[in-house]
Structures are given as structure tokens and as C-alpha cells.
Amino acid sequence: QVQLVESGGGLVQPGGSLRLSCTTTRDIFTLFAMDWNWYRQAPGKQRELVALITSRDNTNYAYSVEGRFTISRDNTKNTVYLQMNSLKPEDTAVYYCNLHDDRADYWGQGTQVTVSS
């Protein structure tokens, strides 16, 4: 059973930066052909898609994070990253990574990001 493990969350002041990582617990032969997503869910709100990166390295971002967040992947390490700069209090949420294709859909347990002074 494949699991995703996130890391890098924590408490940061407004304007600060964090880098989230998400890696698989075992190698996936077809990982290079799969797409990665980062979602987040704030208290009392629905889960929202923050960023995605396709198997061809095409990226897309939510309007609220455009220009501040960068998603990237390293297939050799089975890992996706989310670099978050210029963080705002409204970025506070639990962040989840997701790896999927037509046959599989894997989710991480989530990592808490809190932006507060």
C-alpha cells in the first residue's frame, strides 16, 4: 500500500516562507506519468486546490497564491514540493498532497501551516 508523507509545515510569521515536501513510502514505477496536487483546508472551510503539476511539468495555481507559491517535483526522489513565500494569515490551513492518475489516487495525512505573528 502506497502512502504519502508530508513534511515542512509549522508556525511562521506573516511575510515568511515555508517549503512543504511530500514523498511516497515506496517506489511507484509509473510515478513519472502521474500528476501531483497540493490542497489545503482551513477550519470551517472546504478543501481547495492550491497548486498542481502534471506529468509534463505543467503547473497551475489558485488565484490566491499565484506569484507566491511554487510547486515542483523530483521524480528521482518520488517527491513533490510546495515553496510558499510571502505567507499571509489567510494561508493558515492543513495542507494535503495528492498523487493520482486514471487508476490510482493517493493522499497524505496533512501538515499544519500556521501564519501568525
# chains A, B, ... in the order shown; residues from 1 in each chain; ligands from 1
>>> closest_atom_pairs(of="segment 35-114 of chain A", to="segment 11-29 of chain A", cutoff="10 Å", atoms="only C-alpha atoms", output="Markdown table")
| residue | atom | partner | partner_atom | distance |
| --- | --- | --- | --- | --- |
| A:Trp36 | CA | A:Cys22 | CA | 9.7 |
| A:Trp38 | CA | A:Cys22 | CA | 9.4 |
| A:Arg68 | CA | A:Ser17 | CA | 9.5 |
| A:Phe69 | CA | A:Arg19 | CA | 9.3 |
| A:Thr70 | CA | A:Arg19 | CA | 9.3 |
| A:Ile71 | CA | A:Leu20 | CA | 9.4 |
| A:Ser72 | CA | A:Ser21 | CA | 9.7 |
| A:Arg73 | CA | A:Ser21 | CA | 9.4 |
| A:Asp74 | CA | A:Thr23 | CA | 9.6 |
| A:Asn75 | CA | A:Ile28 | CA | 9.8 |
| A:Thr76 | CA | A:Asp27 | CA | 9.6 |
| A:Lys77 | CA | A:Thr23 | CA | 7.5 |
| A:Asn78 | CA | A:Thr23 | CA | 5.5 |
| A:Thr79 | CA | A:Thr23 | CA | 4.3 |
| A:Val80 | CA | A:Cys22 | CA | 5.3 |
| A:Tyr81 | CA | A:Ser21 | CA | 4.6 |
| A:Leu82 | CA | A:Leu20 | CA | 5.0 |
| A:Gln83 | CA | A:Arg19 | CA | 4.4 |
| A:Met84 | CA | A:Leu18 | CA | 5.3 |
| A:Asn85 | CA | A:Ser17 | CA | 4.4 |
| A:Ser86 | CA | A:Gly15 | CA | 4.1 |
| A:Leu87 | CA | A:Gly15 | CA | 4.9 |
| A:Lys88 | CA | A:Pro14 | CA | 5.1 |
| A:Pro89 | CA | A:Pro14 | CA | 6.4 |
| A:Glu90 | CA | A:Pro14 | CA | 9.6 |
| A:Asp91 | CA | A:Pro14 | CA | 9.5 |
| A:Thr92 | CA | A:Leu11 | CA | 9.1 |
| A:Tyr95 | CA | A:Leu20 | CA | 8.6 |
| A:Tyr96 | CA | A:Cys22 | CA | 8.7 |
| A:Cys97 | CA | A:Cys22 | CA | 6.4 |
| A:Asn98 | CA | A:Cys22 | CA | 8.8 |
| A:Leu99 | CA | A:Thr24 | CA | 9.1 |
| A:Tyr106 | CA | A:Thr24 | CA | 9.2 |
| A:Trp107 | CA | A:Thr24 | CA | 9.8 |
| A:Gly108 | CA | A:Cys22 | CA | 7.7 |
| A:Gly110 | CA | A:Cys22 | CA | 9.6 |
| A:Thr111 | CA | A:Leu20 | CA | 8.4 |
| A:Gln112 | CA | A:Leu11 | CA | 8.3 |
| A:Val113 | CA | A:Leu11 | CA | 6.2 |
| A:Thr114 | CA | A:Leu11 | CA | 4.7 |
>>> atom_distance(atom1="atom CA of Val5 of chain A", atom2="atom CA of Asn60 of chain A")
22.2 Å
>>> closest_residue(among="A:Val115, A:Val2, A:Val65, A:Ala33", to="Val50 of chain A", atoms="only C-alpha atoms")
A:Val65
>>> residues_around(residues="Leu49 of chain A", least_positions_apart="6", cutoff="7 Å", atoms="only C-alpha atoms", output="tab-separated table (two decimals) with all heavy atoms, in the first residue's frame")
chain	number	residue	atom	x	y	z
A	38	TRP	N	-1.44	19.88	-4.60
A	38	TRP	CA	-1.46	20.32	-3.20
A	38	TRP	C	-2.83	20.95	-2.94
A	38	TRP	O	-3.26	21.83	-3.69
A	38	TRP	CB	-0.38	21.34	-2.90
A	38	TRP	CG	0.99	20.77	-2.70
A	38	TRP	CD1	2.02	20.74	-3.60
A	38	TRP	CD2	1.49	20.17	-1.50
A	38	TRP	NE1	3.12	20.15	-3.05
A	38	TRP	CE2	2.83	19.79	-1.76
A	38	TRP	CE3	0.95	19.90	-0.24
A	38	TRP	CZ2	3.62	19.16	-0.80
A	38	TRP	CZ3	1.74	19.27	0.70
A	38	TRP	CH2	3.06	18.92	0.42
A	39	TYR	N	-3.48	20.49	-1.89
A	39	TYR	CA	-4.74	21.06	-1.43
A	39	TYR	C	-4.52	21.65	-0.04
A	39	TYR	O	-3.54	21.34	0.64
A	39	TYR	CB	-5.82	19.97	-1.31
A	39	TYR	CG	-6.37	19.46	-2.61
A	39	TYR	CD1	-5.70	18.47	-3.33
A	39	TYR	CD2	-7.58	19.94	-3.11
A	39	TYR	CE1	-6.22	17.98	-4.52
A	39	TYR	CE2	-8.10	19.44	-4.30
A	39	TYR	CZ	-7.42	18.46	-4.98
A	39	TYR	OH	-7.95	17.98	-6.17
A	40	ARG	N	-5.47	22.46	0.38
A	40	ARG	CA	-5.46	22.93	1.76
A	40	ARG	C	-6.90	23.05	2.26
A	40	ARG	O	-7.82	23.22	1.48
A	40	ARG	CB	-4.73	24.26	1.90
A	40	ARG	CG	-5.42	25.45	1.27
A	40	ARG	CD	-4.53	26.69	1.39
A	40	ARG	NE	-5.16	27.86	0.78
A	40	ARG	CZ	-4.55	29.04	0.63
A	40	ARG	NH1	-3.30	29.18	1.03
A	40	ARG	NH2	-5.19	30.04	0.08
A	62	ALA	N	-3.96	28.31	-7.68
A	62	ALA	CA	-5.13	29.08	-7.27
A	62	ALA	C	-4.79	30.56	-7.36
A	62	ALA	O	-3.64	30.96	-7.11
A	62	ALA	CB	-5.53	28.70	-5.85
>>> select_by_dssp(residues="segment 21-114 of chain A", states="strand (DSSP E)", output="PyMOL selection string")
chain A and resi 21-24+35-41+48-53+59-61+69-74+79-84+93-100+105-107+111-114
>>> atom_distance(atom1="atom CA of Gly9 of chain A", atom2="atom CA of Glu48 of chain A")
17.3 Å
>>> select_by_dssp(residues="segment 31-95 of chain A", states="helix (DSSP H, G or I)", output="number ranges by chain")
A: 31-33, 75-77, 89-91
>>> atom_distance(atom1="atom CA of Gln41 of chain A", atom2="atom CA of Leu4 of chain A")
17.3 Å
>>> decode(residues="segment 48-79 of chain A", atoms="N, CA, C and O atoms", output="mmCIF file, in the first residue's frame")
data_model
loop_
_atom_site.group_PDB
_atom_site.id
_atom_site.type_symbol
_atom_site.label_atom_id
_atom_site.label_comp_id
_atom_site.auth_asym_id
_atom_site.auth_seq_id
_atom_site.Cartn_x
_atom_site.Cartn_y
_atom_site.Cartn_z
ATOM 1 N N GLU A 48 -9.575 23.136 -0.730
ATOM 2 C CA GLU A 48 -9.384 23.813 -2.013
ATOM 3 C C GLU A 48 -8.060 23.408 -2.646
ATOM 4 O O GLU A 48 -7.077 23.151 -1.950
ATOM 5 N N LEU A 49 -8.058 23.368 -3.957
ATOM 6 C CA LEU A 49 -6.847 23.068 -4.709
ATOM 7 C C LEU A 49 -5.961 24.299 -4.733
ATOM 8 O O LEU A 49 -6.386 25.369 -5.142
ATOM 9 N N VAL A 50 -4.730 24.124 -4.305
ATOM 10 C CA VAL A 50 -3.781 25.233 -4.232
ATOM 11 C C VAL A 50 -2.877 25.267 -5.457
ATOM 12 O O VAL A 50 -2.654 26.327 -6.038
ATOM 13 N N ALA A 51 -2.344 24.105 -5.826
ATOM 14 C CA ALA A 51 -1.405 24.048 -6.946
ATOM 15 C C ALA A 51 -1.374 22.632 -7.502
ATOM 16 O O ALA A 51 -1.634 21.669 -6.779
ATOM 17 N N LEU A 52 -1.050 22.531 -8.770
ATOM 18 C CA LEU A 52 -0.887 21.228 -9.396
ATOM 19 C C LEU A 52 0.294 21.246 -10.342
ATOM 20 O O LEU A 52 0.678 22.300 -10.867
ATOM 21 N N ILE A 53 0.874 20.063 -10.539
ATOM 22 C CA ILE A 53 1.930 19.888 -11.522
ATOM 23 C C ILE A 53 1.665 18.571 -12.232
ATOM 24 O O ILE A 53 1.483 17.528 -11.594
ATOM 25 N N THR A 54 1.625 18.634 -13.548
ATOM 26 C CA THR A 54 1.313 17.446 -14.324
ATOM 27 C C THR A 54 2.575 16.626 -14.597
ATOM 28 O O THR A 54 3.697 17.035 -14.268
ATOM 29 N N SER A 55 2.356 15.483 -15.226
ATOM 30 C CA SER A 55 3.483 14.625 -15.580
ATOM 31 C C SER A 55 4.414 15.310 -16.574
ATOM 32 O O SER A 55 5.586 14.951 -16.682
ATOM 33 N N ARG A 56 3.916 16.296 -17.285
ATOM 34 C CA ARG A 56 4.731 17.047 -18.239
ATOM 35 C C ARG A 56 5.266 18.341 -17.638
ATOM 36 O O ARG A 56 5.732 19.214 -18.358
ATOM 37 N N ASP A 57 5.145 18.473 -16.311
ATOM 38 C CA ASP A 57 5.645 19.653 -15.590
ATOM 39 C C ASP A 57 4.866 20.923 -15.887
ATOM 40 O O ASP A 57 5.370 22.023 -15.647
ATOM 41 N N ASN A 58 3.654 20.789 -16.381
ATOM 42 C CA ASN A 58 2.776 21.955 -16.474
ATOM 43 C C ASN A 58 2.236 22.254 -15.089
ATOM 44 O O ASN A 58 1.872 21.334 -14.338
ATOM 45 N N THR A 59 2.168 23.525 -14.743
ATOM 46 C CA THR A 59 1.718 23.916 -13.419
ATOM 47 C C THR A 59 0.519 24.856 -13.501
ATOM 48 O O THR A 59 0.324 25.553 -14.504
ATOM 49 N N ASN A 60 -0.247 24.866 -12.419
ATOM 50 C CA ASN A 60 -1.367 25.789 -12.307
ATOM 51 C C ASN A 60 -1.573 26.097 -10.830
ATOM 52 O O ASN A 60 -1.293 25.239 -9.969
ATOM 53 N N TYR A 61 -2.048 27.292 -10.548
ATOM 54 C CA TYR A 61 -2.165 27.748 -9.173
ATOM 55 C C TYR A 61 -3.524 28.393 -8.919
ATOM 56 O O TYR A 61 -4.123 28.982 -9.824
ATOM 57 N N ALA A 62 -3.964 28.306 -7.678
ATOM 58 C CA ALA A 62 -5.132 29.076 -7.274
ATOM 59 C C ALA A 62 -4.790 30.558 -7.359
ATOM 60 O O ALA A 62 -3.641 30.960 -7.106
ATOM 61 N N TYR A 63 -5.780 31.362 -7.669
ATOM 62 C CA TYR A 63 -5.547 32.804 -7.813
ATOM 63 C C TYR A 63 -4.955 33.405 -6.539
ATOM 64 O O TYR A 63 -4.094 34.287 -6.597
ATOM 65 N N SER A 64 -5.387 32.876 -5.395
ATOM 66 C CA SER A 64 -4.972 33.449 -4.111
ATOM 67 C C SER A 64 -3.492 33.228 -3.801
ATOM 68 O O SER A 64 -2.936 33.912 -2.935
ATOM 69 N N VAL A 65 -2.847 32.282 -4.485
ATOM 70 C CA VAL A 65 -1.434 32.005 -4.203
ATOM 71 C C VAL A 65 -0.534 32.284 -5.407
ATOM 72 O O VAL A 65 0.694 32.157 -5.300
ATOM 73 N N GLU A 66 -1.117 32.651 -6.522
ATOM 74 C CA GLU A 66 -0.351 32.922 -7.737
ATOM 75 C C GLU A 66 0.733 33.959 -7.467
ATOM 76 O O GLU A 66 0.470 35.004 -6.866
ATOM 77 N N GLY A 67 1.958 33.632 -7.871
ATOM 78 C CA GLY A 67 3.076 34.540 -7.681
ATOM 79 C C GLY A 67 3.775 34.407 -6.338
ATOM 80 O O GLY A 67 4.858 34.966 -6.138
ATOM 81 N N ARG A 68 3.167 33.669 -5.411
ATOM 82 C CA ARG A 68 3.773 33.489 -4.085
ATOM 83 C C ARG A 68 4.190 32.042 -3.845
ATOM 84 O O ARG A 68 5.172 31.791 -3.131
ATOM 85 N N PHE A 69 3.464 31.103 -4.402
ATOM 86 C CA PHE A 69 3.743 29.672 -4.208
ATOM 87 C C PHE A 69 4.316 29.090 -5.506
ATOM 88 O O PHE A 69 3.935 29.492 -6.606
ATOM 89 N N THR A 70 5.195 28.107 -5.330
ATOM 90 C CA THR A 70 5.757 27.391 -6.474
ATOM 91 C C THR A 70 5.742 25.897 -6.195
ATOM 92 O O THR A 70 6.262 25.446 -5.164
ATOM 93 N N ILE A 71 5.149 25.154 -7.108
ATOM 94 C CA ILE A 71 5.126 23.696 -6.993
ATOM 95 C C ILE A 71 6.199 23.127 -7.920
ATOM 96 O O ILE A 71 6.427 23.634 -9.020
ATOM 97 N N SER A 72 6.866 22.080 -7.453
ATOM 98 C CA SER A 72 7.869 21.405 -8.268
ATOM 99 C C SER A 72 7.894 19.928 -7.879
ATOM 100 O O SER A 72 7.360 19.549 -6.847
ATOM 101 N N ARG A 73 8.518 19.135 -8.720
ATOM 102 C CA ARG A 73 8.588 17.700 -8.460
ATOM 103 C C ARG A 73 9.972 17.171 -8.781
ATOM 104 O O ARG A 73 10.672 17.707 -9.641
ATOM 105 N N ASP A 74 10.355 16.105 -8.081
ATOM 106 C CA ASP A 74 11.598 15.406 -8.359
ATOM 107 C C ASP A 74 11.258 13.928 -8.445
ATOM 108 O O ASP A 74 11.099 13.256 -7.413
ATOM 109 N N ASN A 75 11.137 13.431 -9.660
ATOM 110 C CA ASN A 75 10.727 12.042 -9.846
ATOM 111 C C ASN A 75 11.774 11.063 -9.324
ATOM 112 O O ASN A 75 11.441 9.945 -8.945
ATOM 113 N N THR A 76 13.027 11.468 -9.303
ATOM 114 C CA THR A 76 14.074 10.579 -8.807
ATOM 115 C C THR A 76 13.953 10.346 -7.308
ATOM 116 O O THR A 76 14.481 9.367 -6.775
ATOM 117 N N LYS A 77 13.277 11.272 -6.633
ATOM 118 C CA LYS A 77 13.088 11.162 -5.183
ATOM 119 C C LYS A 77 11.638 10.879 -4.812
ATOM 120 O O LYS A 77 11.290 10.900 -3.628
ATOM 121 N N ASN A 78 10.793 10.654 -5.821
ATOM 122 C CA ASN A 78 9.360 10.392 -5.567
ATOM 123 C C ASN A 78 8.738 11.496 -4.720
ATOM 124 O O ASN A 78 7.920 11.222 -3.829
ATOM 125 N N THR A 79 9.096 12.737 -5.009
ATOM 126 C CA THR A 79 8.749 13.844 -4.114
ATOM 127 C C THR A 79 8.183 15.028 -4.887
ATOM 128 O O THR A 79 8.639 15.315 -6.008
#
